[in-house]
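data_12.cif follows (mmCIF, C-alpha atoms):
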data_upload
#
loop_
_atom_site.label_atom_id
_atom_site.label_comp_id
_atom_site.auth_asym_id
_atom_site.auth_seq_id
_atom_site.Cartn_x
_atom_site.Cartn_y
_atom_site.Cartn_z
CA MET A 599 131.20 320.87 112.57
CA GLN A 600 130.94 322.95 109.43
CA LYS A 601 128.75 320.44 107.60
CA LYS A 602 126.55 320.04 110.68
CA ASP A 603 126.14 323.82 110.90
CA ALA A 604 125.22 323.96 107.21
CA MET A 605 122.62 321.21 107.51
CA ASP A 606 121.25 322.75 110.71
CA PHE A 607 120.71 325.97 108.76
CA LEU A 608 118.74 324.06 106.10
CA ASP A 609 116.73 322.29 108.80
CA ASN A 610 115.82 325.65 110.30
CA LEU A 611 114.63 326.88 106.91
CA GLN A 612 112.58 323.71 106.46
CA GLY A 613 110.92 324.29 109.81
CA LYS A 614 109.47 327.56 108.52
CA GLY A 615 107.14 325.69 106.17
CA ILE A 616 106.04 325.99 102.55
CA LYS A 617 105.24 329.29 100.85
CA LEU A 618 104.54 329.00 97.16
CA GLY A 619 105.30 331.94 94.89
CA LEU A 620 107.99 333.27 92.55
CA GLU A 621 108.60 336.79 93.84
CA ARG A 622 111.22 335.83 96.44
CA ILE A 623 113.20 333.40 94.26
CA GLU A 624 113.13 335.75 91.26
CA GLY A 625 114.38 338.64 93.38
CA PHE A 626 117.12 336.59 94.97
CA LEU A 627 118.35 335.04 91.72
CA ALA A 628 118.56 338.52 90.19
CA PHE A 629 120.57 339.64 93.24
CA VAL A 630 123.13 336.84 92.75
CA GLY A 631 123.43 337.29 88.98
CA ASN A 632 120.77 334.91 87.60
CA PRO A 633 122.82 331.70 87.50
CA GLU A 634 119.83 329.86 85.98
CA LYS A 635 120.43 331.74 82.73
CA ASN A 636 123.88 330.19 82.24
CA PHE A 637 122.60 326.81 81.01
CA LYS A 638 119.75 325.34 79.01
CA SER A 639 117.12 323.35 80.86
CA VAL A 640 114.38 320.73 80.68
CA HIS A 641 111.52 321.29 83.14
CA VAL A 642 109.59 318.26 84.44
CA ALA A 643 106.27 318.53 86.30
CA GLY A 644 103.50 316.04 87.09
CA THR A 645 102.07 314.03 89.96
CA ASN A 646 104.01 310.78 89.67
CA GLY A 647 107.05 309.72 87.65
CA LYS A 648 108.78 313.12 87.62
CA GLY A 649 112.00 311.91 89.18
CA SER A 650 112.24 308.81 86.99
CA THR A 651 111.50 310.73 83.80
CA ALA A 652 113.96 313.49 84.69
CA THR A 653 116.64 310.90 85.46
CA MET A 654 116.12 309.17 82.10
CA ILE A 655 116.30 312.45 80.17
CA GLU A 656 119.48 313.45 81.99
CA CYS A 657 121.13 310.08 81.38
CA ILE A 658 120.30 310.21 77.66
CA LEU A 659 121.73 313.72 77.32
CA ARG A 660 124.85 312.73 79.25
CA LYS A 661 125.40 309.73 76.98
CA ALA A 662 124.97 312.10 74.02
CA GLY A 663 128.03 313.99 75.25
CA TYR A 664 126.46 316.95 77.04
CA LYS A 665 127.60 318.12 80.47
CA THR A 666 124.43 317.71 82.48
CA GLY A 667 122.85 318.81 85.72
CA LEU A 668 120.03 316.96 87.48
CA TYR A 669 117.90 318.47 90.24
CA THR A 670 115.37 316.18 91.94
CA SER A 671 113.55 315.99 95.26
CA PRO A 672 113.22 314.74 97.88
CA HIS A 673 116.32 312.72 98.68
CA LEU A 674 116.13 309.25 100.19
CA VAL A 675 119.25 308.99 102.33
CA CYS A 676 121.61 311.89 101.67
CA PHE A 677 120.82 315.49 100.71
CA THR A 678 123.51 315.45 98.02
CA GLU A 679 121.35 313.05 95.97
CA ARG A 680 119.26 316.07 94.93
CA ILE A 681 121.97 317.89 92.97
CA ARG A 682 124.12 316.05 90.41
CA VAL A 683 126.54 317.06 87.67
CA ASN A 684 127.25 314.43 85.00
CA GLY A 685 125.61 311.85 87.24
CA LYS A 686 127.77 312.63 90.29
CA LYS A 687 126.30 314.00 93.51
CA ILE A 688 127.48 317.39 94.71
CA SER A 689 130.37 316.84 97.11
CA ASP A 690 129.97 317.61 100.80
CA LYS A 691 132.72 320.22 100.44
CA ASN A 692 130.96 322.05 97.62
CA LEU A 693 127.58 321.71 99.32
CA VAL A 694 128.82 323.33 102.52
CA LYS A 695 130.64 326.06 100.58
CA GLU A 696 127.52 326.86 98.52
CA ILE A 697 125.23 326.88 101.57
CA PHE A 698 127.35 329.37 103.51
CA ALA A 699 127.96 331.55 100.44
CA LEU A 700 124.26 331.74 99.60
CA LYS A 701 123.35 332.28 103.26
CA LYS A 702 125.52 335.41 103.23
CA GLU A 703 123.95 336.56 99.95
CA MET A 704 120.47 336.01 101.38
CA GLU A 705 121.32 338.11 104.42
CA LYS A 706 122.73 340.88 102.19
CA SER A 707 119.67 340.83 99.93
CA GLY A 708 117.15 341.06 102.76
CA ILE A 709 115.09 338.37 100.97
CA SER A 710 113.95 335.54 103.23
CA LEU A 711 113.84 332.35 101.16
CA THR A 712 112.01 329.15 102.01
CA TYR A 713 113.90 325.85 102.25
CA PHE A 714 112.99 324.76 98.72
CA GLU A 715 113.71 328.19 97.25
CA PHE A 716 117.13 328.25 98.89
CA ILE A 717 118.17 324.78 97.68
CA THR A 718 116.83 325.55 94.19
CA ALA A 719 119.02 328.63 94.06
CA LEU A 720 121.89 326.51 95.36
CA ALA A 721 121.39 323.96 92.58
CA PHE A 722 121.28 326.68 89.93
CA ARG A 723 124.50 328.24 91.21
CA HIS A 724 126.26 324.88 91.40
CA PHE A 725 125.23 324.07 87.84
CA ALA A 726 126.44 327.46 86.63
CA ASP A 727 129.75 327.16 88.51
CA SER A 728 130.19 323.66 87.06
CA ASN A 729 129.66 324.92 83.48
CA VAL A 730 126.71 322.60 82.93
CA GLU A 731 125.34 322.76 79.39
CA VAL A 732 121.83 321.50 80.15
CA ALA A 733 120.07 320.84 83.45
CA VAL A 734 117.02 318.65 83.95
CA LEU A 735 114.88 320.15 86.71
CA GLU A 736 112.13 318.35 88.59
CA VAL A 737 109.32 320.50 89.96
CA GLY A 738 109.00 320.32 93.73
CA MET A 739 105.25 320.89 94.05
CA GLY A 740 102.66 321.87 91.48
CA GLY A 741 104.39 323.95 88.85
CA ARG A 742 102.99 327.44 88.40
CA LEU A 743 104.30 328.78 91.72
CA ASP A 744 107.14 326.31 92.23
CA ALA A 745 110.61 327.80 92.70
CA THR A 746 111.93 325.94 89.65
CA ASN A 747 109.46 327.79 87.42
CA VAL A 748 111.79 330.74 86.94
CA VAL A 749 113.54 329.00 84.03
CA ILE A 750 112.69 329.26 80.35
CA PRO A 751 113.33 325.65 79.33
CA SER A 752 114.00 324.12 75.95
CA VAL A 753 111.08 321.74 76.55
CA SER A 754 108.41 321.42 79.25
CA VAL A 755 107.43 317.92 80.39
CA ILE A 756 104.25 316.92 82.27
CA THR A 757 104.16 313.28 83.35
CA ASN A 758 100.58 312.82 84.60
CA ILE A 759 98.04 314.48 86.87
CA ALA A 760 96.28 313.12 89.95
CA ILE A 761 94.86 314.49 93.17
CA GLU A 762 97.66 315.50 95.58
CA HIS A 763 98.65 318.38 97.88
CA GLU A 764 95.05 319.61 97.87
CA GLN A 765 95.77 322.27 100.51
CA PHE A 766 98.17 323.93 98.07
CA LEU A 767 97.07 322.94 94.56
CA GLY A 768 93.28 322.65 94.64
CA ILE A 769 90.71 319.95 95.26
CA THR A 770 89.75 319.00 91.70
CA LEU A 771 91.75 317.40 88.93
CA ALA A 772 91.18 320.45 86.72
CA GLN A 773 92.52 322.81 89.38
CA ILE A 774 95.61 320.67 89.92
CA ALA A 775 96.13 320.41 86.15
CA GLU A 776 96.11 324.22 85.95
CA GLU A 777 98.93 324.31 88.50
CA LYS A 778 100.97 321.66 86.66
CA ALA A 779 100.37 323.36 83.31
CA GLY A 780 101.74 326.54 84.85
CA ILE A 781 105.22 325.48 83.71
CA ILE A 782 104.22 325.92 80.06
CA LYS A 783 105.98 328.95 78.53
CA GLU A 784 105.28 331.00 75.42
CA GLY A 785 106.34 329.07 72.31
CA ILE A 786 108.17 326.35 74.25
CA PRO A 787 107.25 322.78 73.18
CA VAL A 788 105.40 320.56 75.67
CA VAL A 789 105.33 316.77 75.97
CA THR A 790 103.01 314.83 78.25
CA ALA A 791 101.99 311.28 79.07
CA GLU A 792 98.72 312.40 80.68
CA GLN A 793 95.84 310.19 79.56
CA ASN A 794 92.94 311.59 81.58
CA GLU A 795 90.75 313.83 79.42
CA THR A 796 90.23 316.39 82.18
CA GLY A 797 93.95 316.93 82.55
CA LEU A 798 94.52 316.89 78.79
CA GLN A 799 91.86 319.53 78.21
CA VAL A 800 93.66 321.89 80.56
CA ILE A 801 97.08 321.20 79.02
CA ARG A 802 95.69 321.67 75.49
CA LYS A 803 94.03 324.94 76.48
CA VAL A 804 97.21 326.37 77.99
CA CYS A 805 99.29 325.23 75.00
CA ARG A 806 96.90 326.97 72.60
CA LYS A 807 97.03 330.15 74.67
CA LYS A 808 100.85 330.07 74.85
CA GLU A 809 101.23 328.91 71.22
CA SER A 810 103.28 325.95 72.43
CA HIS A 811 103.45 322.77 70.38
CA LEU A 812 102.01 319.80 72.30
CA SER A 813 103.14 316.16 71.89
CA ILE A 814 101.11 313.46 73.67
CA VAL A 815 102.69 310.09 74.39
CA GLN A 816 100.21 307.45 73.26
CA ARG A 817 101.95 304.19 74.18
CA PRO A 818 104.71 302.91 76.48
CA LEU A 819 108.21 302.02 75.36
CA LEU A 820 108.40 298.25 75.71
CA GLU A 821 112.12 297.58 75.24
CA GLY A 822 115.43 298.75 76.63
CA VAL A 823 114.22 300.30 79.91
CA GLY A 824 116.62 299.68 82.77
CA MET A 825 114.30 300.60 85.62
CA LYS A 826 111.87 297.99 86.93
CA GLY A 827 108.10 298.41 86.89
CA PHE A 828 105.80 298.61 83.88
CA PHE A 829 105.10 302.27 84.70
CA GLN A 830 108.73 303.04 83.84
CA GLU A 831 107.91 302.09 80.25
CA TRP A 832 105.58 305.11 80.10
CA ASN A 833 108.21 307.32 81.74
CA ALA A 834 110.76 306.09 79.19
CA ALA A 835 108.43 306.87 76.28
CA LEU A 836 107.93 310.36 77.71
CA ALA A 837 111.68 310.85 78.12
CA VAL A 838 112.26 309.85 74.48
CA ALA A 839 109.50 312.23 73.33
CA ALA A 840 111.16 315.04 75.28
CA VAL A 841 114.54 314.28 73.72
CA LYS A 842 112.97 314.32 70.25
CA GLN A 843 111.75 317.85 70.93
CA LEU A 844 115.22 318.80 72.11
CA LYS A 845 116.64 317.51 68.82
CA LEU A 846 114.30 319.92 67.02
CA SER A 847 115.79 322.68 69.19
CA GLY A 848 119.33 321.91 68.05
CA PHE A 849 120.46 319.23 70.51
CA VAL A 850 122.39 316.40 68.87
CA VAL A 851 121.20 313.09 70.33
CA GLU A 852 121.71 309.91 68.32
CA LYS A 853 119.85 306.61 68.82
CA PRO A 854 122.75 304.86 70.63
CA ALA A 855 122.70 307.58 73.31
CA ILE A 856 118.96 307.10 73.81
CA LYS A 857 119.35 303.33 74.05
CA GLU A 858 122.29 303.48 76.45
CA GLY A 859 120.76 306.26 78.54
CA LEU A 860 117.49 304.39 79.08
CA SER A 861 119.25 301.14 79.95
CA LEU A 862 121.58 302.77 82.50
CA ALA A 863 119.23 305.31 84.11
CA LYS A 864 118.64 304.49 87.77
CA ILE A 865 116.81 306.19 90.63
CA SER A 866 116.42 304.72 94.09
CA GLY A 867 113.06 303.99 95.67
CA ARG A 868 111.02 303.32 92.52
CA PHE A 869 110.05 299.65 92.64
CA ASP A 870 113.60 299.19 93.83
CA ILE A 871 114.47 295.55 94.57
CA VAL A 872 117.28 296.09 97.06
CA LYS A 873 117.54 292.57 98.51
CA LYS A 874 116.80 288.95 97.61
CA ASN A 875 116.20 285.88 99.79
CA PRO A 876 113.87 287.33 100.86
CA PHE A 877 113.00 290.00 98.33
CA VAL A 878 112.81 293.53 99.74
CA VAL A 879 111.20 296.13 97.50
CA LEU A 880 111.33 299.85 98.26
CA ASP A 881 108.88 302.24 96.65
CA CYS A 882 108.17 305.91 97.32
CA ALA A 883 104.42 305.58 96.61
CA HIS A 884 102.95 308.48 98.58
CA ASN A 885 99.47 309.01 97.17
CA PRO A 886 96.56 306.82 95.99
CA ALA A 887 97.51 307.05 92.30
CA CYS A 888 101.05 305.87 93.13
CA CYS A 889 99.63 302.97 95.15
CA VAL A 890 97.49 301.82 92.21
CA VAL A 891 100.58 301.71 89.99
CA LEU A 892 102.63 300.02 92.71
CA SER A 893 99.97 297.37 93.27
CA THR A 894 99.84 296.54 89.56
CA ALA A 895 103.63 296.42 89.31
CA PHE A 896 103.84 294.12 92.32
CA GLN A 897 101.30 291.69 90.87
CA TYR A 898 103.20 291.68 87.57
CA GLU A 899 106.62 291.07 89.20
CA PHE A 900 105.42 288.65 91.91
CA PRO A 901 102.24 287.05 90.51
CA GLU A 902 102.08 284.23 93.09
CA LYS A 903 103.05 286.30 96.14
CA LYS A 904 101.50 288.58 98.72
CA ALA A 905 103.58 291.24 100.39
CA LEU A 906 104.62 291.72 103.97
CA LEU A 907 103.84 295.41 103.89
CA VAL A 908 105.91 297.92 105.86
CA PHE A 909 103.84 301.07 105.71
CA GLY A 910 104.21 304.58 107.05
CA ALA A 911 102.90 307.82 105.64
CA SER A 912 103.34 311.56 106.01
CA ASN A 913 100.78 313.32 108.13
CA ASP A 914 99.02 315.10 105.26
CA LYS A 915 98.24 312.10 103.05
CA ASN A 916 94.99 310.35 102.07
CA VAL A 917 95.98 307.12 103.80
CA ILE A 918 92.54 305.55 103.58
CA ALA A 919 92.67 305.46 99.79
CA MET A 920 96.33 304.40 99.87
CA ALA A 921 95.62 301.50 102.24
CA GLU A 922 92.62 300.33 100.21
CA ARG A 923 94.84 299.97 97.15
CA LEU A 924 97.66 298.13 98.92
CA VAL A 925 95.76 295.69 101.12
CA PRO A 926 94.74 293.40 98.20
CA ILE A 927 98.42 292.62 97.47
CA SER A 928 99.39 292.21 101.15
CA LYS A 929 99.02 289.47 103.76
CA LYS A 930 100.22 291.48 106.78
CA VAL A 931 101.03 295.13 107.46
CA PHE A 932 103.72 296.42 109.79
CA VAL A 933 102.50 299.90 110.67
CA THR A 934 105.35 302.30 111.40
CA GLY A 935 106.50 305.87 110.90
CA ALA A 936 109.54 307.73 109.64
CA LYS A 937 111.40 310.27 111.74
CA TYR A 938 110.07 313.19 109.70
CA ARG A 939 106.48 314.33 109.09
CA ALA A 940 105.10 310.93 110.13
CA MET A 941 101.41 310.21 110.62
CA SER A 942 100.86 308.56 114.00
CA VAL A 943 100.85 304.77 114.07
CA GLU A 944 97.60 304.92 116.02
CA LYS A 945 95.86 306.76 113.19
CA LEU A 946 97.32 304.42 110.59
CA THR A 947 96.23 301.41 112.61
CA ARG A 948 92.63 302.62 112.67
CA VAL A 949 92.76 302.91 108.89
CA PHE A 950 93.94 299.32 108.39
CA GLU A 951 91.71 297.82 111.10
CA GLY A 952 88.62 297.91 108.94
CA LEU A 953 90.30 296.32 105.92
CA GLY A 954 90.57 292.74 107.12
CA ILE A 955 94.34 292.40 107.33
CA GLU A 956 96.69 291.36 110.12
CA ILE A 957 98.37 294.39 111.69
CA GLU A 958 101.47 294.82 113.83
CA LEU A 959 102.57 298.18 115.22
CA VAL A 960 106.33 298.68 115.15
CA ALA A 961 108.15 301.78 116.38
CA GLY A 962 110.71 302.90 113.81
CA VAL A 963 111.19 301.95 110.17
CA GLU A 964 114.36 299.96 110.85
CA ASN A 965 112.61 297.76 113.40
CA ALA A 966 109.61 297.27 111.09
CA VAL A 967 111.87 296.18 108.20
CA LYS A 968 113.73 293.75 110.49
CA LYS A 969 110.45 292.18 111.65
CA ALA A 970 109.08 291.92 108.12
CA ILE A 971 112.27 290.28 106.84
CA SER A 972 112.15 287.81 109.71
CA CYS A 973 108.55 286.90 108.85
CA ALA A 974 109.34 286.64 105.14
CA LYS A 975 112.07 284.03 105.70
CA LYS A 976 113.64 283.15 102.33
CA ASP A 977 110.73 283.00 99.92
CA GLY A 978 108.61 285.99 100.92
CA VAL A 979 108.47 289.57 99.66
CA VAL A 980 108.79 292.61 101.89
CA LEU A 981 107.31 295.78 100.40
CA VAL A 982 108.31 299.05 102.08
CA THR A 983 106.27 302.06 101.03
CA GLY A 984 104.03 304.99 101.99
CA SER A 985 106.48 307.87 101.66
CA CYS A 986 109.98 308.73 100.47
CA PHE A 987 110.95 309.19 104.11
CA VAL A 988 109.98 305.59 104.96
CA ALA A 989 111.73 304.21 101.86
CA GLY A 990 114.80 306.32 102.60
CA GLU A 991 115.15 305.14 106.20
CA ALA A 992 114.74 301.54 105.06
CA LEU A 993 117.39 301.97 102.37
CA ASP A 994 119.81 303.55 104.83
CA PHE A 995 119.34 300.67 107.27
CA LEU A 996 119.73 297.98 104.61
CA LYS A 997 122.90 299.57 103.22
CA LYS A 998 124.47 299.73 106.68
CA SER A 999 123.49 296.16 107.52
CA LYS A 1000 125.15 294.59 104.47
#
Show me this structure written as structure tokens.
Amino acid sequence: MQKKDAMDFLDNLQGKGIKLGLERIEGFLAFVGNPEKNFKSVHVAGTNGKGSTATMIECILRKAGYKTGLYTSPHLVCFTERIRVNGKKISDKNLVKEIFALKKEMEKSGISLTYFEFITALAFRHFADSNVEVAVLEVGMGGRLDATNVVIPSVSVITNIAIEHEQFLGITLAQIAEEKAGIIKEGIPVVTAEQNETGLQVIRKVCRKKESHLSIVQRPLLEGVGMKGFFQEWNAALAVAAVKQLKLSGFVVEKPAIKEGLSLAKISGRFDIVKKNPFVVLDCAHNPACCVVLSTAFQYEFPEKKALLVFGASNDKNVIAMAERLVPISKKVFVTGAKYRAMSVEKLTRVFEGLGIEIELVAGVENAVKKAISCAKKDGVVLVTGSCFVAGEALDFLKKSK
């Protein structure tokens, strides 16, 4: 029951919603002894590719001999995926212990943390207790007011910038870029793969103001990338650029570690081919920019195929633009919804109805995946996407059904 009680506590925190800001997390971390100051860090922000880039950087540093931490979000199947030391997920035993210990500290402090603030503090404490040398930290949302932005990293990384989370980050690309660029610290080097001039102008301006050296990735890395999808070649190039900056800061990372790290780095739900005969591809594409990249990757990997699309989205997403980008690579859509934060299937159906594609409503991601696989037979391709929650439920089902 102890684990259930711990997860119920986290669920209750999650139910209280999102409150951006650093005052609470800074106060609480000071109260518990600032564990985030016990290790060096790499801070990764951006709209898409954060998790992949962070995973590549961590794997390279681990192969270079450093004891590493990796903090990413959200998880697909199990919460422990979010917090890793040397590539290994936090154990259930340590997770439960840390949750109850920090819960007591929060009650003593009188500081009421949000869900993401609490688990960020938990990750920092676990990394400190594990004597991690360097932690790679993925921003949860935005950057400037994200709970991870309490660290002074060795390098700041910005993957790319697109419209997302408008209710929190702003409605224009420039406004969102300002939030992402909020992770830039005085004199700390910055690397980015952003190509849009609007976003670059903001990043350049903040770097000048903070006197931070800026490196811009100009081309993808075409060899040695273990993750599938051409977009991972850009993430790999960004990861290598970040490691080069770390080398200038005193980290010792030789070429073999970079090569091995890139080839072995793996993160679930990013053009993840989890089954063959028929092919089943899981992807966490959750905004229009992601769907553009996913569509291109699908056409590259399966040039003669059209997908049986299993699609569900969270209730705050621009699903019209997402659907418009996925319909051209699809021959049928199974409209469904995850158990958490799901947009209604009725609303999704109305979106797809005007796009000239066959639609089938299916209650539950597991049932939708089953139906799509049945329709695909042996030579088709099932593409499951729309949110991390949808991809996660599909992955959980497919693992259990093996």
**Message:** Which residues are near A:Ile782? Cut-off 10 Å, all atoms listed in the file, ignore same chain within fewer than 3 positions. Put them as a ChimeraX atom specification.
**Reply:** /A:641,643,741-742,747,750-751,753-756,778-779,785-788,801,804-805,807-810
**Item:** Resolved residues for the PyMOL selection byres ((chain A and resi 857) around 10) as number ranges by chain
**Value:** A: 658, 661, 821-824, 838, 852-856, 858-862
**Request:** Counting only C-alpha atoms, write as a PyMOL selection string all protein and nucleic acid residues lying at most 9 Å from (126.7, 325.9, 95.9) in the file's frame.
**Result:** chain A and resi 688+692-700+717+719-725+727
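Of note, atom CA of A:Glu899 and atom CA of A:Leu924 are spaced 15.0 Å apart.
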**Item:** Hits of the PyMOL selection byres ((chain A and resi 841-848) around 8) in this structure, as a list in words
**Value:**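 Selected by the PyMOL selection byres ((chain A and resi 841-848) around 8) here: Ile655, Ser752, Val753, Pro787, Ala837, Val838, Ala839, Ala840, Phe849, Val850 and Val851 of chain A.
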**Fill in**
Between A:Gly910, A:Gly685, A:Gly619, A:Gly738, smallest distance to A:Leu981 by all atoms listed in the file belongs to A:Gly910
**Item:** Hits from the PyMOL selection byres ((chain A and resi 634) around 12), listed as a ChimeraX atom specification
**Value:** /A:623-624,626-628,630-633,635-640,667,718-727,729-735,745-751
**Request:** Please write as an MDAnalysis selection string the list of polymer residues whose atoms come within 10 Å of (108.9, 286.0, 101.1), counting all atoms listed in the file and keeping to the coordinates of the file.
**Result:** chainID A and resid 874:878 903:906 970:981
**Request:** Counting only C-alpha atoms, figure out which residue out of A:Phe629, A:Asn833, A:Asp744, A:Leu611 gets nearest to A:Ala652.
**Result:**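 Closest candidate: A:Asn833.
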Please reconstruct the missing atoms of stretch 969-993 of chain A (target: N, CA and C atoms) and return them as a PDB file, keeping the file's coordinate frame.
ATOM      1  N   LYS A 969     111.524 293.118 111.336  1.00  0.00           N
ATOM      2  CA  LYS A 969     110.450 292.180 111.650  1.00  0.00           C
ATOM      3  C   LYS A 969     109.857 291.572 110.380  1.00  0.00           C
ATOM      4  N   ALA A 970     109.654 292.409 109.375  1.00  0.00           N
ATOM      5  CA  ALA A 970     109.080 291.920 108.120  1.00  0.00           C
ATOM      6  C   ALA A 970     109.995 290.916 107.449  1.00  0.00           C
ATOM      7  N   ILE A 971     111.299 291.206 107.446  1.00  0.00           N
ATOM      8  CA  ILE A 971     112.270 290.280 106.840  1.00  0.00           C
ATOM      9  C   ILE A 971     112.268 288.954 107.597  1.00  0.00           C
ATOM     10  N   SER A 972     112.188 289.024 108.905  1.00  0.00           N
ATOM     11  CA  SER A 972     112.150 287.810 109.710  1.00  0.00           C
ATOM     12  C   SER A 972     110.921 286.964 109.385  1.00  0.00           C
ATOM     13  N   CYS A 973     109.784 287.625 109.196  1.00  0.00           N
ATOM     14  CA  CYS A 973     108.550 286.900 108.850  1.00  0.00           C
ATOM     15  C   CYS A 973     108.603 286.341 107.434  1.00  0.00           C
ATOM     16  N   ALA A 974     109.292 287.052 106.544  1.00  0.00           N
ATOM     17  CA  ALA A 974     109.340 286.640 105.140  1.00  0.00           C
ATOM     18  C   ALA A 974     110.170 285.387 104.931  1.00  0.00           C
ATOM     19  N   LYS A 975     111.129 285.144 105.844  1.00  0.00           N
ATOM     20  CA  LYS A 975     112.070 284.030 105.700  1.00  0.00           C
ATOM     21  C   LYS A 975     112.785 284.151 104.354  1.00  0.00           C
ATOM     22  N   LYS A 976     112.862 283.064 103.566  1.00  0.00           N
ATOM     23  CA  LYS A 976     113.640 283.150 102.330  1.00  0.00           C
ATOM     24  C   LYS A 976     112.788 283.359 101.087  1.00  0.00           C
ATOM     25  N   ASP A 977     111.517 282.994 101.157  1.00  0.00           N
ATOM     26  CA  ASP A 977     110.730 283.000  99.920  1.00  0.00           C
ATOM     27  C   ASP A 977     109.643 284.072  99.897  1.00  0.00           C
ATOM     28  N   GLY A 978     109.629 284.952 100.878  1.00  0.00           N
ATOM     29  CA  GLY A 978     108.610 285.990 100.920  1.00  0.00           C
ATOM     30  C   GLY A 978     109.054 287.265 100.234  1.00  0.00           C
ATOM     31  N   VAL A 979     108.164 288.264 100.244  1.00  0.00           N
ATOM     32  CA  VAL A 979     108.470 289.570  99.660  1.00  0.00           C
ATOM     33  C   VAL A 979     108.076 290.656 100.660  1.00  0.00           C
ATOM     34  N   VAL A 980     109.034 291.457 101.029  1.00  0.00           N
ATOM     35  CA  VAL A 980     108.790 292.610 101.890  1.00  0.00           C
ATOM     36  C   VAL A 980     108.645 293.835 101.003  1.00  0.00           C
ATOM     37  N   LEU A 981     107.557 294.558 101.181  1.00  0.00           N
ATOM     38  CA  LEU A 981     107.310 295.780 100.400  1.00  0.00           C
ATOM     39  C   LEU A 981     107.262 296.959 101.359  1.00  0.00           C
ATOM     40  N   VAL A 982     108.201 297.881 101.202  1.00  0.00           N
ATOM     41  CA  VAL A 982     108.310 299.050 102.080  1.00  0.00           C
ATOM     42  C   VAL A 982     107.851 300.276 101.300  1.00  0.00           C
ATOM     43  N   THR A 983     106.823 300.943 101.804  1.00  0.00           N
ATOM     44  CA  THR A 983     106.270 302.060 101.030  1.00  0.00           C
ATOM     45  C   THR A 983     105.453 303.002 101.914  1.00  0.00           C
ATOM     46  N   GLY A 984     104.872 304.017 101.292  1.00  0.00           N
ATOM     47  CA  GLY A 984     104.030 304.990 101.990  1.00  0.00           C
ATOM     48  C   GLY A 984     104.550 306.402 101.910  1.00  0.00           C
ATOM     49  N   SER A 985     105.881 306.544 101.830  1.00  0.00           N
ATOM     50  CA  SER A 985     106.480 307.870 101.660  1.00  0.00           C
ATOM     51  C   SER A 985     107.951 307.702 101.301  1.00  0.00           C
ATOM     52  N   CYS A 986     108.544 308.755 100.760  1.00  0.00           N
ATOM     53  CA  CYS A 986     109.980 308.730 100.470  1.00  0.00           C
ATOM     54  C   CYS A 986     110.782 308.650 101.763  1.00  0.00           C
ATOM     55  N   PHE A 987     110.240 309.212 102.839  1.00  0.00           N
ATOM     56  CA  PHE A 987     110.950 309.190 104.110  1.00  0.00           C
ATOM     57  C   PHE A 987     111.056 307.758 104.644  1.00  0.00           C
ATOM     58  N   VAL A 988     109.980 306.996 104.529  1.00  0.00           N
ATOM     59  CA  VAL A 988     109.980 305.590 104.960  1.00  0.00           C
ATOM     60  C   VAL A 988     110.941 304.785 104.088  1.00  0.00           C
ATOM     61  N   ALA A 989     110.838 304.931 102.769  1.00  0.00           N
ATOM     62  CA  ALA A 989     111.730 304.210 101.860  1.00  0.00           C
ATOM     63  C   ALA A 989     113.184 304.585 102.104  1.00  0.00           C
ATOM     64  N   GLY A 990     113.439 305.857 102.366  1.00  0.00           N
ATOM     65  CA  GLY A 990     114.800 306.320 102.600  1.00  0.00           C
ATOM     66  C   GLY A 990     115.409 305.743 103.867  1.00  0.00           C
ATOM     67  N   GLU A 991     114.633 305.713 104.952  1.00  0.00           N
ATOM     68  CA  GLU A 991     115.150 305.140 106.200  1.00  0.00           C
ATOM     69  C   GLU A 991     115.411 303.650 106.046  1.00  0.00           C
ATOM     70  N   ALA A 992     114.531 302.962 105.311  1.00  0.00           N
ATOM     71  CA  ALA A 992     114.740 301.540 105.060  1.00  0.00           C
ATOM     72  C   ALA A 992     116.000 301.306 104.246  1.00  0.00           C
ATOM     73  N   LEU A 993     116.203 302.110 103.211  1.00  0.00           N
ATOM     74  CA  LEU A 993     117.390 301.970 102.370  1.00  0.00           C
ATOM     75  C   LEU A 993     118.660 302.214 103.170  1.00  0.00           C
TER      76      LEU A 993
END
